[in-house]
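As provided, protein_9.cif (mmCIF, C-alpha atoms and all ligand atoms) reads as follows.
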```cif
data_structure
#
loop_
_atom_site.label_atom_id
_atom_site.label_comp_id
_atom_site.auth_asym_id
_atom_site.auth_seq_id
_atom_site.Cartn_x
_atom_site.Cartn_y
_atom_site.Cartn_z
CA MET A 1458 39.53 -31.49 7.46
CA LYS A 1459 41.19 -29.24 10.00
CA ALA A 1460 39.82 -26.88 12.70
CA THR A 1461 41.22 -24.93 15.66
CA ALA A 1462 39.26 -24.02 18.79
CA VAL A 1463 39.98 -22.08 21.96
CA ALA A 1464 38.21 -22.89 25.23
CA PRO A 1465 38.48 -21.29 28.66
CA ALA A 1466 38.98 -23.11 31.96
CA ASN A 1467 36.14 -22.50 34.39
CA ILE A 1468 35.89 -22.08 38.14
CA ALA A 1469 32.89 -23.62 39.87
CA PHE A 1470 30.99 -21.58 42.46
CA ILE A 1471 28.85 -24.64 43.29
CA LYS A 1472 31.08 -27.66 42.68
CA TYR A 1473 30.53 -30.89 40.78
CA TRP A 1474 31.83 -33.68 42.96
CA GLY A 1475 30.58 -37.23 42.42
CA ARG A 1476 28.68 -38.77 39.56
CA LYS A 1477 25.69 -41.04 39.59
CA ASP A 1478 26.71 -42.57 36.24
CA ALA A 1479 30.49 -42.79 35.85
CA ALA A 1480 30.52 -43.87 32.18
CA LEU A 1481 28.14 -41.10 31.11
CA ARG A 1482 29.64 -38.62 33.60
CA LEU A 1483 26.24 -37.65 34.94
CA PRO A 1484 26.62 -35.59 38.10
CA TYR A 1485 24.82 -36.10 41.41
CA ASN A 1486 24.17 -32.36 41.64
CA PRO A 1487 23.91 -29.29 39.39
CA SER A 1488 26.95 -26.99 39.34
CA ILE A 1489 27.47 -23.32 38.42
CA SER A 1490 30.70 -21.77 37.12
CA MET A 1491 32.42 -18.81 35.49
CA ASN A 1492 34.62 -19.11 32.40
CA LEU A 1493 38.14 -17.74 32.90
CA SER A 1494 39.63 -15.24 30.45
CA GLY A 1495 43.25 -15.86 31.49
CA CYS A 1496 43.39 -19.69 31.40
CA PHE A 1497 42.66 -21.35 28.10
CA THR A 1498 43.48 -24.28 25.84
CA THR A 1499 44.04 -23.94 22.10
CA THR A 1500 43.57 -27.16 20.11
CA THR A 1501 43.97 -27.96 16.42
CA VAL A 1502 42.42 -31.18 15.14
CA GLU A 1503 43.05 -32.54 11.66
CA PHE A 1504 41.56 -35.69 10.14
CA SER A 1505 43.06 -37.07 6.94
CA LYS A 1506 43.08 -40.23 4.85
CA LYS A 1507 46.82 -39.58 4.40
CA PHE A 1508 47.61 -40.11 8.12
CA SER A 1509 48.55 -43.66 9.10
CA THR A 1510 48.36 -43.16 12.90
CA ASP A 1511 46.67 -40.97 15.50
CA THR A 1512 49.04 -38.49 17.16
CA VAL A 1513 48.60 -36.17 20.16
CA SER A 1514 50.93 -33.41 21.44
CA GLU A 1515 53.44 -34.71 23.96
CA GLY A 1516 52.65 -34.27 27.65
CA PHE A 1517 48.91 -34.83 27.31
CA ASN A 1518 46.79 -37.89 28.20
CA SER A 1519 46.65 -39.29 24.67
CA LYS A 1520 44.59 -42.37 25.65
CA ARG A 1521 41.77 -40.23 27.05
CA ILE A 1522 41.98 -37.80 24.11
CA ILE A 1523 41.80 -40.58 21.50
CA GLU A 1524 38.90 -42.24 23.37
CA HIS A 1525 37.04 -38.95 23.00
CA ILE A 1526 38.00 -38.64 19.33
CA ASP A 1527 36.64 -42.20 18.83
CA ARG A 1528 33.24 -41.13 20.18
CA LEU A 1529 33.19 -38.33 17.62
CA ARG A 1530 34.49 -40.54 14.78
CA ASN A 1531 31.61 -42.95 15.54
CA ILE A 1532 29.07 -40.15 15.19
CA ALA A 1533 30.65 -38.98 11.91
CA LYS A 1534 31.02 -42.61 10.72
CA THR A 1535 34.66 -42.20 9.72
CA ASP A 1536 37.87 -44.04 10.53
CA GLU A 1537 40.22 -41.31 9.30
CA ARG A 1538 43.26 -40.94 11.56
CA VAL A 1539 43.72 -37.73 13.52
CA HIS A 1540 46.50 -35.35 14.50
CA VAL A 1541 45.77 -33.34 17.66
CA VAL A 1542 47.98 -30.38 18.59
CA THR A 1543 47.04 -28.78 21.89
CA ASN A 1544 48.50 -26.36 24.40
CA ASN A 1545 47.49 -24.64 27.62
CA ASN A 1546 48.58 -21.13 28.53
CA PHE A 1547 48.56 -22.19 32.24
CA PRO A 1548 50.04 -25.06 34.32
CA THR A 1549 48.47 -28.46 33.52
CA SER A 1550 46.97 -30.56 36.35
CA ALA A 1551 47.24 -27.93 39.08
CA GLY A 1552 43.58 -27.52 39.90
CA ILE A 1553 42.99 -24.94 37.19
CA ALA A 1554 40.66 -27.29 35.37
CA SER A 1555 42.89 -28.10 32.40
CA SER A 1556 40.65 -31.06 31.59
CA ALA A 1557 37.67 -28.71 31.29
CA SER A 1558 39.25 -26.32 28.79
CA GLY A 1559 41.04 -29.23 27.10
CA PHE A 1560 37.99 -31.37 26.38
CA ALA A 1561 35.86 -28.33 25.47
CA ALA A 1562 38.42 -27.16 22.88
CA LEU A 1563 38.94 -30.72 21.61
CA THR A 1564 35.20 -31.29 21.20
CA VAL A 1565 34.55 -28.07 19.30
CA ALA A 1566 37.60 -28.42 17.03
CA ALA A 1567 36.98 -32.12 16.28
CA VAL A 1568 33.25 -31.71 15.64
CA PHE A 1569 33.93 -28.99 13.07
CA ALA A 1570 36.90 -30.83 11.54
CA LEU A 1571 34.60 -33.82 11.01
CA GLY A 1572 32.07 -31.60 9.24
CA LEU A 1573 29.39 -32.20 11.89
CA ARG A 1574 27.07 -29.32 12.67
CA LEU A 1575 25.73 -29.58 16.22
CA SER A 1576 23.88 -27.24 18.57
CA GLU A 1577 25.59 -25.72 21.63
CA LYS A 1578 23.52 -28.07 23.81
CA GLU A 1579 24.77 -31.10 21.87
CA LEU A 1580 28.37 -29.85 22.10
CA THR A 1581 28.03 -29.59 25.90
CA GLU A 1582 26.71 -33.16 26.06
CA LEU A 1583 29.66 -34.45 24.04
CA ALA A 1584 32.25 -32.43 25.99
CA ARG A 1585 30.76 -33.84 29.22
CA LEU A 1586 31.65 -37.36 28.08
CA GLY A 1587 35.32 -36.33 27.84
CA SER A 1588 35.47 -34.60 31.24
CA GLY A 1589 32.40 -33.62 33.25
CA SER A 1590 33.33 -30.02 33.96
CA ALA A 1591 34.28 -29.50 30.27
CA CYS A 1592 30.60 -29.06 29.42
CA ARG A 1593 30.64 -25.81 31.41
CA SER A 1594 33.45 -24.39 29.23
CA ILE A 1595 31.30 -24.45 26.07
CA PRO A 1596 28.57 -21.81 26.74
CA ASP A 1597 29.46 -18.14 27.41
CA GLY A 1598 30.07 -16.39 30.71
CA PHE A 1599 28.34 -17.81 33.78
CA VAL A 1600 27.18 -21.36 33.19
CA LYS A 1601 24.92 -23.92 34.84
CA TRP A 1602 25.32 -27.67 34.30
CA ASP A 1603 22.22 -29.56 35.30
CA GLY A 1604 22.03 -33.24 34.34
CA GLU A 1605 22.97 -33.99 30.75
CA PHE A 1606 23.87 -30.56 29.43
CA ALA A 1607 25.09 -27.07 30.33
CA TYR A 1608 23.80 -23.63 29.38
CA SER A 1609 24.65 -19.98 29.92
CA LEU A 1610 22.88 -18.28 32.83
CA TYR A 1611 24.39 -14.89 31.99
CA PRO A 1612 26.84 -13.65 29.33
CA GLN A 1613 30.39 -12.69 30.29
CA ASP A 1614 29.62 -8.96 30.45
CA TYR A 1615 26.75 -9.41 32.94
CA TRP A 1616 28.86 -8.93 36.08
CA ASP A 1617 32.39 -7.54 36.24
CA LEU A 1618 33.87 -10.18 38.56
CA ARG A 1619 37.49 -11.29 38.90
CA ASP A 1620 38.97 -14.66 39.71
CA ILE A 1621 42.50 -13.92 40.89
CA ILE A 1622 44.28 -17.26 41.08
CA VAL A 1623 47.10 -17.24 43.61
CA ILE A 1624 49.59 -19.87 42.42
CA VAL A 1625 51.11 -21.90 45.23
CA GLY A 1626 51.84 -25.10 43.32
CA THR A 1627 52.21 -26.12 39.70
CA THR A 1628 53.07 -29.80 39.98
CA GLY A 1629 50.56 -32.42 38.84
CA LYS A 1630 48.21 -33.89 41.41
CA ASP A 1631 48.61 -37.43 42.84
CA VAL A 1632 44.96 -38.38 42.42
CA SER A 1633 43.06 -37.12 39.40
CA SER A 1634 39.62 -35.65 40.02
CA SER A 1635 38.27 -38.38 37.74
CA ALA A 1636 39.46 -41.06 40.20
CA GLY A 1637 38.20 -38.98 43.14
CA HIS A 1638 34.63 -38.95 41.80
CA ASP A 1639 34.59 -42.76 42.00
CA THR A 1640 34.95 -42.97 45.77
CA VAL A 1641 32.78 -40.01 46.79
CA GLU A 1642 30.09 -42.22 48.35
CA THR A 1643 32.60 -43.42 50.97
CA SER A 1644 32.51 -40.02 52.71
CA PRO A 1645 29.97 -39.93 55.59
CA PHE A 1646 29.34 -36.28 54.66
CA PHE A 1647 28.50 -36.81 50.99
CA LYS A 1648 24.76 -37.35 51.47
CA LYS A 1649 24.47 -34.25 53.65
CA ARG A 1650 26.24 -32.19 50.98
CA LEU A 1651 23.69 -33.33 48.38
CA GLU A 1652 20.81 -32.38 50.68
CA GLU A 1653 22.21 -28.87 51.14
CA ILE A 1654 22.95 -28.10 47.51
CA PRO A 1655 19.45 -27.12 46.25
CA ALA A 1656 19.15 -24.30 48.82
CA ARG A 1657 22.71 -23.22 48.08
CA ILE A 1658 21.93 -23.01 44.36
CA THR A 1659 18.88 -20.86 45.08
CA ARG A 1660 21.03 -18.52 47.20
CA LEU A 1661 23.65 -18.30 44.45
CA GLU A 1662 21.08 -17.62 41.73
CA THR A 1663 19.53 -14.89 43.90
CA ALA A 1664 23.00 -13.39 44.43
CA PHE A 1665 23.45 -13.35 40.64
CA ALA A 1666 20.04 -11.80 39.99
CA ARG A 1667 20.75 -9.01 42.53
CA LYS A 1668 24.50 -8.81 41.83
CA ASP A 1669 24.93 -9.23 45.58
CA PHE A 1670 28.66 -9.90 45.88
CA GLN A 1671 28.67 -10.65 49.61
CA GLN A 1672 26.01 -13.32 49.20
CA LEU A 1673 27.86 -14.80 46.21
CA GLY A 1674 31.08 -14.89 48.20
CA GLU A 1675 29.51 -16.54 51.25
CA VAL A 1676 27.95 -19.26 49.11
CA ILE A 1677 31.10 -20.06 47.13
CA GLU A 1678 33.30 -20.34 50.25
CA GLU A 1679 30.69 -22.53 51.91
CA ASP A 1680 30.44 -24.88 48.93
CA CYS A 1681 34.23 -25.04 48.47
CA LEU A 1682 34.78 -26.01 52.10
CA ASP A 1683 31.91 -28.50 51.90
CA MET A 1684 33.40 -30.22 48.81
CA HIS A 1685 36.87 -30.39 50.38
CA HIS A 1686 35.33 -31.75 53.59
CA VAL A 1687 33.86 -34.58 51.51
CA MET A 1688 37.17 -35.08 49.63
CA GLN A 1689 39.18 -35.24 52.87
CA THR A 1690 36.79 -37.79 54.40
CA GLN A 1691 36.60 -40.08 51.36
CA ASP A 1692 38.38 -43.42 51.41
CA PRO A 1693 41.14 -42.96 50.31
CA PRO A 1694 41.14 -39.31 51.46
CA LEU A 1695 42.09 -36.55 49.05
CA TYR A 1696 44.08 -33.63 50.44
CA TYR A 1697 44.60 -31.09 47.68
CA TRP A 1698 45.78 -28.19 49.89
CA ASN A 1699 49.30 -27.33 51.01
CA THR A 1700 50.41 -25.02 53.84
CA GLU A 1701 50.43 -21.98 51.53
CA THR A 1702 46.85 -22.78 50.47
CA VAL A 1703 45.72 -22.64 54.10
CA LYS A 1704 47.70 -19.45 54.75
CA ILE A 1705 45.93 -17.70 51.88
CA MET A 1706 42.52 -18.99 52.97
CA GLU A 1707 43.17 -17.50 56.42
CA LEU A 1708 44.23 -14.18 54.91
CA VAL A 1709 41.08 -14.00 52.77
CA LYS A 1710 38.93 -14.88 55.80
CA LYS A 1711 40.33 -11.81 57.63
CA ARG A 1712 38.39 -9.74 55.03
CA MET A 1713 40.98 -6.99 54.92
CA VAL A 1714 40.00 -6.86 51.25
CA PRO A 1715 36.47 -7.47 49.85
CA ALA A 1716 37.13 -10.98 48.52
CA TYR A 1717 36.17 -14.63 49.00
CA PHE A 1718 37.98 -17.84 48.06
CA THR A 1719 37.26 -21.08 46.30
CA ILE A 1720 39.56 -24.02 45.52
CA ASP A 1721 39.28 -26.88 43.02
CA ALA A 1722 41.17 -30.20 42.96
CA GLY A 1723 44.57 -28.59 43.51
CA PRO A 1724 46.43 -26.26 45.89
CA ASN A 1725 45.88 -22.94 44.13
CA VAL A 1726 43.46 -20.45 45.62
CA HIS A 1727 40.91 -18.69 43.43
CA ILE A 1728 40.18 -15.34 45.03
CA MET A 1729 36.93 -13.80 43.82
CA CYS A 1730 36.33 -10.06 43.93
CA GLU A 1731 34.54 -7.38 41.96
CA GLY A 1732 36.42 -5.62 39.15
CA LYS A 1733 36.50 -2.34 41.11
CA ASP A 1734 38.48 -4.09 43.89
CA GLU A 1735 41.00 -5.93 41.68
CA LYS A 1736 43.92 -3.64 42.57
CA LYS A 1737 43.23 -3.87 46.32
CA VAL A 1738 43.33 -7.67 46.11
CA THR A 1739 46.40 -7.97 43.87
CA ASN A 1740 48.23 -5.49 46.08
CA TYR A 1741 47.34 -7.45 49.22
CA PHE A 1742 48.70 -10.69 47.72
CA LYS A 1743 51.56 -9.07 45.79
CA GLN A 1744 54.24 -11.48 47.09
CA TYR A 1745 52.54 -14.32 45.16
CA LYS A 1746 52.37 -15.19 41.48
CA MET A 1747 48.83 -14.57 40.25
CA ILE A 1748 46.66 -15.16 37.18
CA ILE A 1749 43.93 -12.55 36.79
CA ASN A 1750 40.73 -13.71 35.10
CA LYS A 1751 37.62 -11.88 33.95
CA PRO A 1752 34.42 -13.70 32.95
CA ALA A 1753 34.98 -15.10 29.46
CA GLN A 1754 33.31 -16.27 26.28
CA GLY A 1755 32.87 -20.06 25.96
CA ALA A 1756 34.61 -22.39 23.51
CA HIS A 1757 34.79 -21.12 19.92
CA LEU A 1758 36.55 -21.72 16.62
CA ILE A 1759 39.40 -19.44 15.61
O1 LIG B 1 35.57 -32.60 35.38
P1 LIG B 1 36.41 -33.26 36.40
O2 LIG B 1 36.21 -34.74 36.48
O3 LIG B 1 37.87 -32.87 36.30
O4 LIG B 1 35.92 -32.75 37.85
C1 LIG B 1 36.24 -31.49 38.34
C2 LIG B 1 35.65 -31.25 39.67
C3 LIG B 1 36.08 -29.99 40.38
O5 LIG B 1 36.96 -29.21 39.60
C4 LIG B 1 36.82 -30.36 41.66
C5 LIG B 1 34.85 -29.16 40.74
C6 LIG B 1 34.16 -28.50 39.58
O6 LIG B 1 32.92 -28.47 39.58
O7 LIG B 1 34.83 -27.97 38.67
#
```

Before anything else, please render the file you have as structure tokens.
Amino acid sequence: MKATAVAPANIAFIKYWGRKDAALRLPYNPSISMNLSGCFTTTTVEFSKKFSTDTVSEGFNSKRIIEHIDRLRNIAKTDERVHVVTNNNFPTSAGIASSASGFAALTVAAVFALGLRLSEKELTELARLGSGSACRSIPDGFVKWDGEFAYSLYPQDYWDLRDIIVIVGTTGKDVSSSAGHDTVETSPFFKKRLEEIPARITRLETAFARKDFQQLGEVIEEDCLDMHHVMQTQDPPLYYWNTETVKIMELVKKRMVPAYFTIDAGPNVHIMCEGKDEKKVTNYFKQYKMIINKPAQGAHLI
């Protein structure tokens, strides 16, 4: 059987960095994110007795994709071969969470192609096994991942926010975030980060409840810098920024426009603002290439 799914990338406001169980991809801390309307993966999965081999679109990590398909084949108790055709509408491996949208779309398409009928919670648990942050691309809108599964805190129309991604690099990263999670405990600042996260989550959830953009912005910048502080002090250290990244961070910090930044495992800067201020922000950064995102629906079949 054949199915096609679309899944959005997501940007974390409180980041997932480090896992207490690497095989099960169980995180040390809860994380909260927004699905991105402008960055998505479309994946078609077809299982058939007629296929003699598994195939995956060129340019993708076929080993990791087939490992994930094997998990799902085990659940469905089938050994039918698979053809996976997938594409991203944004640069792969540039810190725009292509593994999140990729494994979310793959999970939803494969589960339906195998004739399995699972709950959203179960889909998030399976997507998590492919790539941790992928579980946050399954539910709608603003999503919390706490332990084994993820769920929607608010739908996409709850708050008219923008994530304006300023593109300063599109080449793949040297160290994958998957490898980075493995050495997180070597940072002397990792434990401190974990101690601070519960209070930060409370502040973020209060900002959401009140739609207090300034409080949201302060929390997301703080957590971004905290995660990168840990990354840069791990052994081996992970430096995901380039000089343009820092230049844009400085410009945002000047607060000439009502916006705050966050950055994932890559050089590109995600500038968060409210919908009413989108034009001010895009005008301020007009010399750069940008991807404009609204809060989006989670993974779904098409
Ligand atoms: O899901 P992974 O293993 O690619 O980890 C992603 C981690 C960050 O993007 C850096 C932060 C996050 O929570 O999305």

Hey, which of A:Leu1661, A:Ala1479, A:Leu1583, A:Ile1553 ends up closest to A:Gly1674? Count all atoms listed in the file.
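Among the listed residues, the smallest separation from A:Gly1674 belongs to A:Leu1661.
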
Proximity check chain A to ligand LIG 1 (chain B), 7 Å, nearest pairs one decimal Å, all atoms listed in the file, as a tab-separated table:
```
residue	atom	partner	partner_atom	distance
A:Ile1468	CA	B:LIG1	O7	6.0
A:Ala1469	CA	B:LIG1	O6	4.9
A:Ile1471	CA	B:LIG1	O6	6.7
A:Lys1472	CA	B:LIG1	O6	3.7
A:Tyr1473	CA	B:LIG1	O6	3.6
A:Trp1474	CA	B:LIG1	C2	5.6
A:Ser1488	CA	B:LIG1	O6	6.2
A:Gly1552	CA	B:LIG1	O5	6.8
A:Ala1554	CA	B:LIG1	O5	5.9
A:Ser1556	CA	B:LIG1	O3	5.8
A:Ala1557	CA	B:LIG1	O1	6.0
A:Ser1588	CA	B:LIG1	O1	4.6
A:Gly1589	CA	B:LIG1	O1	4.0
A:Ser1590	CA	B:LIG1	O1	3.7
A:Ala1591	CA	B:LIG1	O1	6.1
A:Ser1634	CA	B:LIG1	O3	5.0
A:Ser1635	CA	B:LIG1	O2	4.4
A:His1638	CA	B:LIG1	O2	7.0
A:Asp1721	CA	B:LIG1	C4	4.5
A:Ala1722	CA	B:LIG1	C4	4.5
```

Provide the atom CA of A:Val1565 to atom CA of A:Asp1639 distance in Å, to one decimal place.
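For atom CA of A:Val1565 relative to atom CA of A:Asp1639, the distance reads 27.0 Å.
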
Quick one: everything within 8 Å of A:Leu1586, counting only C-alpha atoms, minus sequence neighbours fewer than 6 positions away in the same chain. Send it as a VMD selection string.
chain A and resid 1480 to 1482 1525

Please, which residues in stretch 1576-1683 of chain A fall within 10 Å of stretch 1733-1750 of chain A when counting all atoms listed in the file, and what is the closest atom pair and distance in Å to one decimal for each, ordered by chain then residue number, as a Markdown table?
```
| residue | atom | partner | partner_atom | distance |
| --- | --- | --- | --- | --- |
| A:Asp1617 | CA | A:Lys1733 | CA | 8.2 |
| A:Leu1618 | CA | A:Asn1750 | CA | 8.5 |
| A:Arg1619 | CA | A:Asn1750 | CA | 5.5 |
| A:Asp1620 | CA | A:Asn1750 | CA | 5.0 |
| A:Ile1621 | CA | A:Ile1749 | CA | 4.6 |
| A:Ile1622 | CA | A:Ile1748 | CA | 5.0 |
| A:Val1623 | CA | A:Met1747 | CA | 4.6 |
| A:Ile1624 | CA | A:Lys1746 | CA | 5.5 |
| A:Val1625 | CA | A:Tyr1745 | CA | 7.7 |
```

Can you work out the spacing between atom CA of A:Ala1466 and atom CA of A:Phe1497 in Å, to one decimal?
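Result for atom CA of A:Ala1466 versus atom CA of A:Phe1497: 5.6 Å, one decimal.
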
Pick from A:Gly1516, A:Pro1693, A:Pro1487, A:Gly1755 nearest to A:Leu1580, counting all atoms listed in the file:
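Among A:Gly1516, A:Pro1693, A:Pro1487, A:Gly1755, it is A:Gly1755 that comes nearest to A:Leu1580.
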
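Put simply, atom CA of A:Ile1523 is 27.2 Å away from atom CA of A:Lys1601.
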
Which of these, A:Ser1644, A:Thr1512, A:Ser1519, A:Ser1555, has the shortest distance to A:Val1539 once you count only C-alpha atoms?
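Smallest distance to A:Val1539 is found for A:Thr1512.
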
Could you give me, as a ChimeraX atom specification, the residues that have an atom at most 12 Å away from the point (40.2, -35.1, 53.4) in the coordinates of the file, using only C-alpha atoms?
/A:1637,1641,1643-1646,1682-1698,1722

Using all atoms listed in the file, which of A:Phe1718, A:Met1713, A:Ile1522, A:Trp1616 sits nearest A:Gly1732?
A:Trp1616

Could you check the closest approach to A:Ser1594 for each of A:Lys1649, A:Thr1640, A:Ser1494, A:Tyr1717 and tell me which residue wins, using only C-alpha atoms?
A:Ser1494

Give me the residues near A:Tyr1608 as a PyMOL selection string, where near means some atom within 8 Å (using all atoms listed in the file) and where sequence neighbours in that chain fewer than 3 positions away do not count.
chain A and resi 1578+1593+1596+1600-1602

Ranking A:Tyr1611, A:Glu1678, A:Gln1754, A:Ile1595 by minimum distance to A:Phe1665 and counting all atoms listed in the file, which one comes first?
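Ranked by minimum distance to A:Phe1665, first place goes to A:Tyr1611.
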
Do you know which residues lie at most 12 Å from (45.0, -31.5, 4.2), with coordinates as in the file and all atoms listed in the file counted, and could you write them as a PyMOL selection string?
chain A and resi 1458-1460+1502-1508+1539-1540+1570
